[in-house]
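Q: Supplied structure: work-v7.cif, mmCIF, C-alpha atoms.
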data_data
loop_
_atom_site.label_atom_id
_atom_site.label_comp_id
_atom_site.auth_asym_id
_atom_site.auth_seq_id
_atom_site.Cartn_x
_atom_site.Cartn_y
_atom_site.Cartn_z
CA MET A 148 6.60 -15.77 -25.84
CA THR A 149 3.16 -17.35 -26.33
CA ALA A 150 0.08 -15.16 -26.19
CA ALA A 151 -1.53 -14.91 -22.80
CA PRO A 152 -4.94 -16.59 -22.39
CA PRO A 153 -7.96 -14.26 -22.23
CA LEU A 154 -8.78 -12.79 -18.84
CA THR A 155 -11.62 -14.52 -17.00
CA ARG A 156 -13.37 -14.04 -13.67
CA ARG A 157 -11.65 -17.15 -12.35
CA LYS A 158 -8.27 -15.76 -13.38
CA VAL A 159 -9.03 -12.46 -11.62
CA LEU A 160 -9.88 -14.31 -8.41
CA ALA A 161 -6.79 -16.52 -8.74
CA LEU A 162 -4.64 -13.39 -8.97
CA ALA A 163 -6.46 -11.61 -6.14
CA VAL A 164 -6.48 -14.33 -3.47
CA PRO A 165 -2.66 -14.47 -3.00
CA ILE A 166 -2.57 -10.67 -2.75
CA MET A 167 -5.27 -10.78 -0.07
CA ALA A 168 -3.19 -13.28 1.88
CA ALA A 169 -0.02 -11.23 1.41
CA ASN A 170 -1.80 -8.02 2.45
CA ILE A 171 -3.09 -9.65 5.62
CA ALA A 172 0.34 -11.11 6.33
CA THR A 173 2.07 -7.72 5.99
CA PRO A 174 1.09 -6.34 9.44
CA LEU A 175 2.17 -9.63 11.04
CA VAL A 176 5.78 -8.37 11.14
CA GLY A 177 4.82 -5.68 13.65
CA LEU A 178 2.40 -8.01 15.42
CA VAL A 179 5.11 -10.64 15.95
CA ASP A 180 7.43 -7.97 17.35
CA ILE A 181 4.83 -6.84 19.87
CA ALA A 182 3.82 -10.39 20.78
CA VAL A 183 7.41 -11.46 21.47
CA ILE A 184 8.31 -8.43 23.56
CA GLY A 185 4.91 -8.63 25.26
CA ARG A 186 5.84 -11.93 26.89
CA THR A 187 9.19 -10.81 28.23
CA GLY A 188 9.30 -7.00 28.36
CA THR A 189 7.90 -4.21 30.49
CA THR A 190 4.93 -2.00 29.65
CA ALA A 191 7.33 0.73 28.52
CA GLU A 192 9.14 -1.70 26.20
CA ILE A 193 5.87 -2.89 24.69
CA ALA A 194 4.81 0.73 24.09
CA ALA A 195 8.24 1.51 22.60
CA VAL A 196 8.01 -1.34 20.10
CA ALA A 197 4.48 -0.30 19.13
CA LEU A 198 5.63 3.30 18.68
CA GLY A 199 8.71 2.26 16.71
CA ALA A 200 6.63 0.06 14.40
CA LEU A 201 4.23 2.98 13.85
CA ILE A 202 7.08 5.34 12.95
CA PHE A 203 8.57 2.95 10.41
CA ASN A 204 5.19 2.05 8.94
CA PHE A 205 4.71 5.75 8.26
CA ILE A 206 8.21 6.29 6.86
CA PHE A 207 8.10 3.25 4.58
CA TRP A 208 4.48 3.85 3.51
CA ALA A 209 5.53 7.30 2.31
CA PHE A 210 7.75 5.50 -0.22
CA GLY A 211 5.08 3.01 -1.25
CA PHE A 212 5.23 4.59 -4.70
CA LEU A 213 8.16 2.24 -5.38
CA ARG A 214 5.71 -0.66 -5.34
CA MET A 215 2.92 1.11 -7.21
CA GLY A 216 5.09 2.74 -9.85
CA MET A 217 6.92 -0.51 -10.56
CA THR A 218 3.67 -2.42 -11.06
CA GLY A 219 2.39 -0.11 -13.78
CA LEU A 220 5.67 0.26 -15.64
CA THR A 221 6.38 -3.48 -15.54
CA ALA A 222 2.86 -4.47 -16.63
CA GLN A 223 3.03 -2.09 -19.60
CA ALA A 224 6.44 -3.35 -20.71
CA ASP A 225 5.22 -6.95 -20.39
CA GLY A 226 2.03 -6.14 -22.29
CA ARG A 227 3.90 -4.75 -25.28
CA GLY A 228 6.39 -7.66 -25.24
CA ASP A 229 9.41 -5.52 -24.38
CA GLU A 230 11.41 -8.15 -22.49
CA ALA A 231 14.51 -6.02 -22.13
CA GLU A 232 12.49 -3.26 -20.48
CA VAL A 233 10.79 -5.78 -18.17
CA ARG A 234 14.21 -6.76 -16.85
CA ALA A 235 15.57 -3.22 -16.86
CA SER A 236 12.55 -2.02 -14.86
CA LEU A 237 13.36 -4.49 -12.10
CA TRP A 238 16.98 -3.40 -11.71
CA ARG A 239 16.07 0.25 -12.09
CA GLY A 240 13.49 -0.04 -9.32
CA ILE A 241 15.78 -1.97 -6.99
CA ILE A 242 18.60 0.54 -7.51
CA THR A 243 16.18 3.38 -6.76
CA GLY A 244 14.95 1.66 -3.61
CA LEU A 245 18.47 1.01 -2.37
CA ALA A 246 19.48 4.60 -3.12
CA ILE A 247 16.52 6.11 -1.24
CA GLY A 248 17.17 3.70 1.64
CA CYS A 249 20.78 4.87 1.84
CA VAL A 250 19.58 8.49 1.94
CA LEU A 251 17.34 7.58 4.88
CA LEU A 252 20.33 5.98 6.59
CA ALA A 253 22.39 9.12 6.08
CA ALA A 254 19.52 11.24 7.46
CA GLN A 255 18.73 8.96 10.40
CA TRP A 256 19.62 11.49 13.10
CA PRO A 257 17.22 14.27 11.97
CA LEU A 258 14.58 11.65 11.16
CA ARG A 259 14.82 10.19 14.66
CA GLU A 260 14.69 13.59 16.34
CA LEU A 261 11.69 14.64 14.25
CA ALA A 262 9.85 11.39 14.94
CA PHE A 263 10.25 11.63 18.71
CA THR A 264 9.41 15.33 18.69
CA LEU A 265 6.06 14.58 17.06
CA PHE A 266 5.09 11.98 19.70
CA SER A 267 4.70 12.81 23.37
CA THR A 268 6.06 9.88 25.38
CA GLU A 269 7.34 9.13 28.83
CA SER A 270 11.12 9.08 29.22
CA GLY A 271 11.29 5.28 29.54
CA VAL A 272 9.22 4.73 26.40
CA GLU A 273 11.23 7.28 24.43
CA ALA A 274 14.57 5.79 25.45
CA ALA A 275 13.49 2.30 24.40
CA GLY A 276 11.89 3.70 21.26
CA ARG A 277 15.15 5.34 20.26
CA THR A 278 16.91 2.01 20.72
CA TYR A 279 14.36 0.42 18.39
CA PHE A 280 14.77 3.21 15.83
CA ASP A 281 18.57 3.02 15.81
CA ALA A 282 18.45 -0.66 14.86
CA ARG A 283 15.42 -0.69 12.57
CA ILE A 284 16.61 2.21 10.39
CA TRP A 285 19.26 -0.11 8.92
CA SER A 286 16.48 -2.05 7.21
CA ALA A 287 15.53 0.93 5.02
CA PRO A 288 17.46 -0.05 1.85
CA ALA A 289 16.22 -3.65 2.03
CA ALA A 290 12.62 -2.60 2.74
CA LEU A 291 12.48 -0.17 -0.18
CA ALA A 292 14.25 -2.51 -2.59
CA GLY A 293 11.68 -5.10 -1.50
CA PHE A 294 8.89 -2.69 -2.46
CA ALA A 295 10.28 -2.53 -5.99
CA LEU A 296 10.56 -6.32 -6.14
CA TYR A 297 6.96 -6.80 -4.98
CA GLY A 298 5.76 -4.26 -7.54
CA TRP A 299 7.63 -6.07 -10.31
CA LEU A 300 6.11 -9.42 -9.34
CA ILE A 301 2.59 -8.00 -9.23
CA GLY A 302 3.16 -6.23 -12.55
CA LEU A 303 3.97 -9.59 -14.12
CA GLY A 304 0.91 -11.17 -12.49
CA ARG A 305 3.10 -13.36 -10.25
CA THR A 306 0.95 -12.77 -7.18
CA GLY A 307 1.62 -16.23 -5.77
CA MET A 308 5.34 -15.47 -5.77
CA ALA A 309 4.67 -12.19 -3.96
CA LEU A 310 2.78 -14.14 -1.29
CA ALA A 311 5.63 -16.64 -0.97
CA LEU A 312 8.10 -13.80 -0.46
CA GLN A 313 5.91 -12.20 2.22
CA ALA A 314 5.55 -15.57 3.96
CA ALA A 315 9.33 -15.99 3.94
CA LEU A 316 9.72 -12.56 5.56
CA ASN A 317 7.26 -13.44 8.33
CA VAL A 318 8.87 -16.80 9.08
CA ILE A 319 12.38 -15.33 9.21
CA ASN A 320 11.24 -12.41 11.36
CA ALA A 321 9.38 -14.63 13.83
CA GLY A 322 12.32 -16.99 14.19
CA LEU A 323 14.86 -14.23 14.71
CA SER A 324 12.60 -12.35 17.16
CA ILE A 325 12.21 -15.44 19.34
CA LEU A 326 15.95 -16.16 19.16
CA PHE A 327 17.11 -12.62 19.94
CA VAL A 328 14.54 -11.81 22.64
CA ALA A 329 13.65 -15.10 24.32
CA GLY A 330 16.99 -16.77 23.61
CA PHE A 331 19.58 -13.99 23.93
CA GLY A 332 17.57 -11.58 26.10
CA TRP A 333 18.24 -8.56 23.89
CA GLY A 334 14.83 -6.99 24.55
CA VAL A 335 13.72 -4.09 22.35
CA ALA A 336 17.00 -4.06 20.44
CA GLY A 337 16.55 -7.75 19.68
CA VAL A 338 13.08 -7.18 18.24
CA ALA A 339 14.34 -4.34 16.04
CA TRP A 340 17.40 -6.21 14.80
CA ALA A 341 15.24 -9.24 14.05
CA SER A 342 13.03 -7.15 11.77
CA THR A 343 16.05 -5.52 10.15
CA LEU A 344 17.86 -8.78 9.43
CA ALA A 345 14.64 -10.43 8.26
CA LEU A 346 14.11 -7.71 5.66
CA TRP A 347 17.66 -8.19 4.35
CA LEU A 348 17.55 -11.99 4.44
CA HIS A 349 14.19 -12.26 2.69
CA LEU A 350 15.81 -10.67 -0.36
CA LEU A 351 17.71 -13.96 -0.84
CA PRO A 352 14.60 -15.99 -1.71
CA GLY A 353 13.54 -12.90 -3.68
CA ILE A 354 16.68 -13.21 -5.81
CA ALA A 355 15.95 -16.91 -6.31
CA ILE A 356 12.39 -16.13 -7.41
CA VAL A 357 13.62 -13.50 -9.87
CA ALA A 358 16.18 -15.90 -11.32
CA TRP A 359 13.53 -18.60 -11.75
CA ILE A 360 11.11 -16.20 -13.47
CA LEU A 361 13.74 -14.78 -15.82
CA ARG A 362 14.87 -18.29 -16.84
CA SER A 363 11.28 -19.07 -17.84
CA ARG A 364 11.07 -16.03 -20.11
CA ILE A 365 12.68 -15.08 -23.41
CA ALA A 366 16.31 -14.08 -22.84
CA ALA A 367 17.05 -10.42 -23.45
CA ALA A 368 20.21 -8.40 -23.06
CA VAL A 369 19.96 -5.66 -20.46
CA PRO A 370 22.95 -3.34 -20.79
CA LEU A 371 23.63 -0.89 -17.99
CA ALA A 372 22.94 1.92 -20.47
CA LEU A 373 19.33 0.71 -20.77
CA ILE A 374 18.85 0.43 -17.01
CA LEU A 375 20.18 3.95 -16.52
CA ALA A 376 18.67 5.41 -19.70
CA PRO A 377 17.84 9.06 -18.85
CA ALA A 378 14.34 8.92 -20.35
CA ALA A 379 13.45 5.75 -18.44
CA VAL A 380 14.89 7.07 -15.18
CA ARG A 381 13.01 10.36 -15.61
CA ARG A 382 9.79 8.47 -16.22
CA LEU A 383 10.30 6.30 -13.14
CA LEU A 384 11.11 9.30 -10.96
CA GLY A 385 8.25 11.31 -12.42
CA VAL A 386 5.69 8.57 -11.77
CA ASN A 387 7.09 8.01 -8.29
CA ARG A 388 7.11 11.73 -7.48
CA ASP A 389 3.45 12.10 -8.41
CA ILE A 390 2.40 8.99 -6.47
CA PHE A 391 4.43 10.24 -3.48
CA LEU A 392 2.54 13.55 -3.49
CA ARG A 393 -0.72 11.66 -3.92
CA THR A 394 0.14 9.51 -0.89
CA LEU A 395 0.89 12.58 1.21
CA ALA A 396 -2.52 14.03 0.29
CA LEU A 397 -4.18 10.72 1.22
CA LEU A 398 -2.38 10.66 4.58
CA ALA A 399 -3.47 14.26 5.17
CA GLY A 400 -7.10 13.26 4.66
CA PHE A 401 -6.96 10.49 7.23
CA ALA A 402 -5.00 12.69 9.62
CA TRP A 403 -7.75 15.31 9.33
CA PHE A 404 -10.43 12.70 10.04
CA ASN A 405 -8.60 11.73 13.24
CA GLU A 406 -8.18 15.37 14.23
CA ALA A 407 -11.84 16.12 13.51
CA SER A 408 -12.85 13.06 15.55
CA LEU A 409 -10.84 14.36 18.50
CA ARG A 410 -12.55 17.75 18.21
CA GLU A 411 -15.88 15.98 18.61
CA GLY A 412 -14.73 14.47 21.91
CA THR A 413 -12.55 11.71 23.31
CA GLU A 414 -15.35 9.14 23.06
CA VAL A 415 -15.91 9.90 19.38
CA MET A 416 -12.18 9.69 18.73
CA ALA A 417 -11.95 6.31 20.48
CA GLY A 418 -15.03 4.91 18.75
CA ASN A 419 -13.86 6.05 15.32
CA ALA A 420 -10.41 4.54 15.98
CA VAL A 421 -12.12 1.16 16.36
CA LEU A 422 -14.12 1.66 13.15
CA LEU A 423 -11.01 2.69 11.22
CA GLN A 424 -9.51 -0.68 12.11
CA PHE A 425 -12.44 -2.34 10.35
CA ILE A 426 -11.90 -0.14 7.30
CA SER A 427 -8.19 -1.03 7.24
CA ILE A 428 -8.93 -4.77 7.32
CA ILE A 429 -11.53 -4.46 4.56
CA ALA A 430 -9.05 -2.43 2.51
CA TYR A 431 -6.62 -5.37 2.65
CA PHE A 432 -9.21 -7.43 0.76
CA LEU A 433 -10.46 -4.83 -1.70
CA ASP A 434 -6.93 -3.60 -2.42
CA ALA A 435 -6.24 -7.06 -3.83
CA PHE A 436 -8.63 -6.37 -6.70
CA ALA A 437 -7.08 -2.93 -7.19
CA HIS A 438 -3.65 -4.59 -7.43
CA VAL A 439 -4.97 -7.04 -10.02
CA THR A 440 -6.45 -4.07 -11.88
CA GLU A 441 -3.00 -2.49 -11.96
CA THR A 442 -1.56 -5.61 -13.59
CA VAL A 443 -4.23 -6.46 -16.17
CA THR A 444 -4.95 -2.88 -17.26
CA GLY A 445 -1.24 -2.12 -17.40
CA LYS A 446 -0.70 -5.05 -19.77
CA ALA A 447 -3.61 -3.93 -21.94
CA ALA A 448 -2.26 -0.38 -21.99
CA GLY A 449 1.15 -1.67 -23.05
CA LYS A 450 -0.51 -3.35 -26.02
CA GLY A 451 -2.60 -0.29 -26.87
CA ASP A 452 -5.69 -2.46 -26.37
CA TRP A 453 -8.53 -0.20 -25.18
CA LYS A 454 -11.19 -2.92 -25.48
CA GLY A 455 -9.01 -5.31 -23.50
CA LEU A 456 -8.46 -2.64 -20.86
CA LYS A 457 -12.21 -2.01 -20.52
CA ARG A 458 -12.85 -5.74 -20.16
CA ALA A 459 -10.09 -6.08 -17.55
CA LEU A 460 -11.48 -3.15 -15.56
CA ARG A 461 -15.01 -4.54 -15.74
CA LEU A 462 -14.06 -8.05 -14.60
CA THR A 463 -11.99 -6.84 -11.67
CA THR A 464 -14.57 -4.24 -10.64
CA GLU A 465 -17.40 -6.78 -10.68
CA GLN A 466 -15.61 -8.89 -8.09
CA ALA A 467 -14.52 -5.87 -6.06
CA ALA A 468 -18.16 -4.75 -5.92
CA GLY A 469 -19.26 -8.21 -4.79
CA PHE A 470 -16.70 -8.25 -1.98
CA ALA A 471 -17.70 -4.68 -1.03
CA VAL A 472 -21.34 -5.76 -0.62
CA LEU A 473 -20.29 -8.74 1.52
CA ALA A 474 -18.04 -6.53 3.66
CA SER A 475 -20.82 -4.02 4.24
CA LEU A 476 -23.28 -6.74 5.22
CA MET A 477 -20.73 -8.28 7.57
CA LEU A 478 -20.21 -4.96 9.34
CA LEU A 479 -23.94 -4.39 9.70
CA LEU A 480 -24.66 -7.91 10.97
CA ALA A 481 -21.55 -8.60 13.05
CA GLY A 482 -20.27 -5.11 13.80
CA GLU A 483 -21.59 -5.00 17.37
CA ALA A 484 -19.92 -8.30 18.23
CA LEU A 485 -16.66 -7.20 16.60
CA ILE A 486 -16.67 -3.92 18.52
CA GLY A 487 -17.16 -5.91 21.72
CA LEU A 488 -14.12 -8.03 20.92
CA ILE A 489 -11.93 -4.97 20.48
CA THR A 490 -12.95 -2.86 23.46
CA THR A 491 -14.74 -3.28 26.79
CA ASP A 492 -15.02 0.47 27.47
CA PRO A 493 -18.74 1.40 27.49
CA ALA A 494 -18.24 4.93 26.11
CA THR A 495 -16.06 3.70 23.24
CA ARG A 496 -18.55 0.95 22.42
CA THR A 497 -21.45 3.41 22.39
CA ALA A 498 -19.65 5.83 20.07
CA ALA A 499 -18.53 3.06 17.71
CA MET A 500 -22.05 1.62 17.52
CA ALA A 501 -23.50 5.07 16.81
CA TYR A 502 -21.39 5.46 13.68
CA LEU A 503 -21.22 1.81 12.60
CA PRO A 504 -23.84 2.26 9.82
CA PHE A 505 -21.67 4.97 8.24
CA CYS A 506 -18.60 2.73 8.51
CA ALA A 507 -20.55 -0.06 6.79
CA LEU A 508 -21.14 2.24 3.82
CA VAL A 509 -17.41 2.79 3.24
CA PRO A 510 -16.83 -0.43 1.20
CA LEU A 511 -19.84 0.36 -1.03
CA MET A 512 -18.87 3.98 -1.57
CA GLY A 513 -15.13 3.40 -1.62
CA PHE A 514 -14.49 0.43 -3.92
CA ALA A 515 -14.80 2.55 -7.06
CA SER A 516 -12.03 4.88 -5.85
CA TRP A 517 -9.77 1.92 -5.10
CA GLN A 518 -10.46 0.41 -8.52
CA LEU A 519 -9.78 3.67 -10.32
CA ASP A 520 -6.57 4.03 -8.31
CA GLY A 521 -5.56 0.62 -9.64
CA LEU A 522 -6.38 1.64 -13.21
CA MET A 523 -4.40 4.86 -12.99
CA ILE A 524 -1.43 3.13 -11.35
CA GLY A 525 -1.43 0.42 -14.02
CA THR A 526 -1.50 2.99 -16.80
CA THR A 527 0.99 5.25 -14.93
CA ARG A 528 -1.24 8.33 -14.90
CA GLY A 529 0.80 9.91 -12.11
CA PRO A 530 -0.11 13.60 -12.63
CA LEU A 531 -3.81 12.72 -12.78
CA MET A 532 -3.59 10.71 -9.54
CA ARG A 533 -1.77 13.55 -7.81
CA ASN A 534 -4.17 16.24 -8.95
CA ALA A 535 -7.26 14.11 -8.30
CA MET A 536 -6.21 13.30 -4.74
CA ILE A 537 -5.41 16.94 -3.95
CA ALA A 538 -8.78 18.00 -5.39
CA ALA A 539 -10.57 15.26 -3.43
CA LEU A 540 -8.82 16.38 -0.24
CA LEU A 541 -9.98 19.97 -0.77
CA ILE A 542 -13.55 18.77 -1.42
CA TYR A 543 -13.41 16.65 1.74
CA LEU A 544 -12.19 19.56 3.86
CA ALA A 545 -14.94 21.80 2.46
CA LEU A 546 -17.56 19.14 3.26
CA ASP A 547 -16.20 18.73 6.77
CA PHE A 548 -16.25 22.46 7.45
CA ALA A 549 -19.84 22.63 6.15
CA LEU A 550 -21.33 19.51 7.76
CA ARG A 551 -19.53 18.88 11.05
CA PRO A 552 -20.47 22.16 12.78
CA ALA A 553 -24.14 21.54 11.94
CA PHE A 554 -24.39 17.78 12.46
CA GLY A 555 -21.48 16.89 14.76
CA GLY A 556 -20.25 13.30 14.47
CA THR A 557 -22.83 12.50 11.80
CA GLY A 558 -21.53 15.38 9.69
CA LEU A 559 -17.99 14.15 10.24
CA TRP A 560 -18.86 10.76 8.75
CA LEU A 561 -20.94 12.22 5.91
CA ALA A 562 -17.94 14.32 4.89
CA PHE A 563 -15.67 11.26 5.13
CA LEU A 564 -17.99 9.26 2.86
CA GLY A 565 -18.00 12.22 0.50
CA TYR A 566 -14.21 11.97 0.44
CA TYR A 567 -14.42 8.51 -1.14
CA LEU A 568 -16.94 9.72 -3.71
CA ALA A 569 -14.75 12.73 -4.49
CA ARG A 570 -11.75 10.46 -5.02
CA ALA A 571 -13.67 8.34 -7.53
CA GLY A 572 -15.23 11.36 -9.23
CA THR A 573 -11.98 13.26 -9.73
CA LEU A 574 -10.18 10.16 -11.03
CA SER A 575 -13.00 9.39 -13.47
CA LEU A 576 -12.40 12.74 -15.16
CA GLY A 577 -9.23 11.23 -16.64
CA LEU A 578 -10.95 8.33 -18.39
CA SER A 579 -11.56 10.14 -21.68
CA GLY A 580 -7.94 11.24 -21.92
CA LEU A 581 -6.76 7.72 -21.09
CA LYS A 582 -8.93 6.28 -23.85
CA ARG A 583 -7.63 8.82 -26.34
CA ASP A 584 -3.99 8.12 -25.52
CA ILE A 585 -4.31 4.34 -25.68
CA ILE A 586 -6.17 4.40 -28.98
CA ALA A 587 -3.53 6.78 -30.36
CA GLN A 588 -0.81 4.44 -29.13
CA ALA A 589 -2.40 1.49 -30.90
CA SER A 590 -2.36 3.37 -34.22
CA THR A 591 1.28 4.47 -33.91
CA PRO A 592 3.94 1.84 -34.74
CA THR A 593 6.54 3.44 -32.48
CA ALA A 594 4.17 3.89 -29.58
CA SER A 595 5.82 1.28 -27.39
CA ALA A 596 8.66 3.67 -26.65
CA ARG A 597 6.38 6.49 -25.64
CA GLU A 598 4.88 7.29 -22.28
CA LEU A 599 1.13 6.80 -21.92
#
Just give me the structure of the file as structure tokens.

A:
Amino acid sequence: MTAAPPLTRRKVLALAVPIMAANIATPLVGLVDIAVIGRTGTTAEIAAVALGALIFNFIFWAFGFLRMGMTGLTAQADGRGDEAEVRASLWRGIITGLAIGCVLLAAQWPLRELAFTLFSTESGVEAAGRTYFDARIWSAPAALAGFALYGWLIGLGRTGMALALQAALNVINAGLSILFVAGFGWGVAGVAWASTLALWLHLLPGIAIVAWILRSRIAAAVPLALILAPAAVRRLLGVNRDIFLRTLALLAGFAWFNEASLREGTEVMAGNAVLLQFISIIAYFLDAFAHVTETVTGKAAGKGDWKGLKRALRLTTEQAAGFAVLASLMLLLAGEALIGLITTDPATRTAAMAYLPFCALVPLMGFASWQLDGLMIGTTRGPLMRNAMIAALLIYLALDFALRPAFGGTGLWLAFLGYYLARAGTLSLGLSGLKRDIIAQASTPTASAREL
């Protein structure tokens, strides 16, 4: 395999742009579902589809470690030129995704009952929501195997292929939704089965993409014993376990922000809900640079190249910082107009405008935490990510308890901004250990078989 060209700012942007597009396209699956049922269904059916999509976004997001863990492990194997492990990582990840998906299928009854116990809904919405759940749960193995495939593609730097796969999913889903709902009149069940079949069918172009990529690389034997090697499986499960716990801590932080907003009043809750939508959209863009960071730092770590890793982190962070500045300026200059597009309720508008300046600071104060997340995912520092997120959550809760009683909604947002700083600060504590391990790896001939 020929040596990869040096990383440049143009290369970083070329890798990031397809991920931005894929990230923005991801929520279109749920949007298409709601749009299709919105033209033919009742209010209860529309609410049921929205609720069902929310439930599955939460369930699948909880297993997002399959994407993140695969990216780091694949990038490291590719960086050290271990072609057999590159291929084994793919099959190992897909098998893990399929296995977890089958466990979710087996546990669908308690999952469904728990989900609808947590949400208070009218009887008509709940009945339709259960119909949606019963069909959509069958997509679990395909969805989670797809996570592993996306992570593998990003780990190899094949971000354009990841975008193509996401586009295929959206096209298939839209076509099936229109056919099943508008054509066959299947209603909520049709929407759910369209999403389920689309997730299974989009694996077919995924298989074609994998075959094309593997043909372009050096052939390497991948015996089943390597795919199921105990040490490799333990590493995969260990990384995924730590990222899973980290994700739970992250979800807890955002859940607390919503709960704290509600305690400040319905208007504050509604206004902050609007502002969180802005943060989510901005995260789709800045996450692209974090994903690129995962790939390029993972490859450098696989080579034991600390200088290359520092350069990769610097180049990606420069562009992430630039986009963060632009995002903050956009929110300050156009935030009022954007709030007006989302809601016409005067109280919600007033609350959102009151806290818009704090929201505009999130990209500036948050991009470092996203970049360090990317670095730690790429170098598979799972325990550090887990511990850092738990520590950041505790710091955030302490700040909220100290500031919100004294300053109300302003204190709520100051604590939330502190949460982003705490995430970056706790992750940065692992930089010295990371440097030490990578330099040690570079000086050890057998380091490629060891875990960073």

Q: What does the distance from atom CA of A:Gly449 to atom CA of A:Ala587 come to in Å, to one decimal?

A: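 Between these atoms lies a distance of 12.1 Å.
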
Q: Using all atoms listed in the file, can you list as a PyMOL selection string the residues within 6 Å of (12.0, -2.4, -11.5)?

A: chain A and resi 217+236-241+295+299

Q: Can I get the residues of stretch 329-356 of chain A within 12 Å of stretch 187-204 of chain A, each with the closest pair of atoms and their distance in Å to one decimal, using all atoms listed in the file, sorted chain first then ascending number, as a tab-separated table?

A:
residue	atom	partner	partner_atom	distance
A:Ala329	CA	A:Thr187	CA	7.3
A:Gly330	CA	A:Thr187	CA	10.8
A:Phe331	CA	A:Thr187	CA	11.7
A:Gly332	CA	A:Thr187	CA	8.7
A:Trp333	CA	A:Gly188	CA	10.1
A:Gly334	CA	A:Gly188	CA	6.7
A:Val335	CA	A:Glu192	CA	6.4
A:Ala336	CA	A:Val196	CA	9.4
A:Gly337	CA	A:Val196	CA	10.7
A:Val338	CA	A:Val196	CA	8.0
A:Ala339	CA	A:Val196	CA	8.1
A:Trp340	CA	A:Val196	CA	11.8
A:Ser342	CA	A:Ala200	CA	10.0
A:Thr343	CA	A:Phe203	CA	11.3

Q: Please write the residues picked by the PyMOL selection byres ((chain A and resi 523) around 9) on this file as a PyMOL selection string.

A: chain A and resi 219+441+444-445+518-522+524-529+531-532+574+577+581

Q: Considering all atoms listed in the file, state which residue in the set A:Gly276, A:Gly211, A:Gly307, A:Gly228 is at the smallest distance from A:Ala290.

A: A:Gly211

Q: Ranking A:Ala569, A:Leu220, A:Val443, A:Val357 by minimum distance to A:Ala459 and counting only C-alpha atoms, which one comes first?

A: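 Nearest candidate to A:Ala459 out of A:Ala569, A:Leu220, A:Val443, A:Val357: A:Val443.
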
Q: Is there a way to complete stretch 236-247 of chain A with N, CA and C atoms and then write that out as a short mmCIF file (atom, residue, chain, number, x, y, z; two decimals), keeping the file's coordinate frame?

A:
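File written: result_15.cif
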data_model
loop_
_atom_site.label_atom_id
_atom_site.label_comp_id
_atom_site.auth_asym_id
_atom_site.auth_seq_id
_atom_site.Cartn_x
_atom_site.Cartn_y
_atom_site.Cartn_z
N SER A 236 13.41 -2.65 -15.87
CA SER A 236 12.55 -2.02 -14.86
C SER A 236 12.84 -2.57 -13.47
N LEU A 237 13.07 -3.87 -13.40
CA LEU A 237 13.36 -4.49 -12.10
C LEU A 237 14.62 -3.89 -11.49
N TRP A 238 15.71 -3.90 -12.25
CA TRP A 238 16.98 -3.40 -11.71
C TRP A 238 16.93 -1.91 -11.44
N ARG A 239 16.22 -1.19 -12.29
CA ARG A 239 16.07 0.25 -12.09
C ARG A 239 15.32 0.54 -10.79
N GLY A 240 14.27 -0.23 -10.54
CA GLY A 240 13.49 -0.04 -9.32
C GLY A 240 14.26 -0.41 -8.08
N ILE A 241 15.00 -1.53 -8.15
CA ILE A 241 15.78 -1.97 -6.99
C ILE A 241 16.88 -0.96 -6.68
N ILE A 242 17.55 -0.47 -7.72
CA ILE A 242 18.60 0.54 -7.51
C ILE A 242 18.01 1.79 -6.87
N THR A 243 16.84 2.20 -7.34
CA THR A 243 16.18 3.38 -6.76
C THR A 243 15.84 3.16 -5.30
N GLY A 244 15.29 1.98 -4.98
CA GLY A 244 14.95 1.66 -3.61
C GLY A 244 16.16 1.65 -2.70
N LEU A 245 17.24 1.03 -3.17
CA LEU A 245 18.47 1.01 -2.37
C LEU A 245 19.02 2.41 -2.17
N ALA A 246 18.95 3.24 -3.22
CA ALA A 246 19.48 4.60 -3.12
C ALA A 246 18.69 5.43 -2.11
N ILE A 247 17.35 5.36 -2.19
CA ILE A 247 16.52 6.11 -1.24
C ILE A 247 16.76 5.59 0.18
#
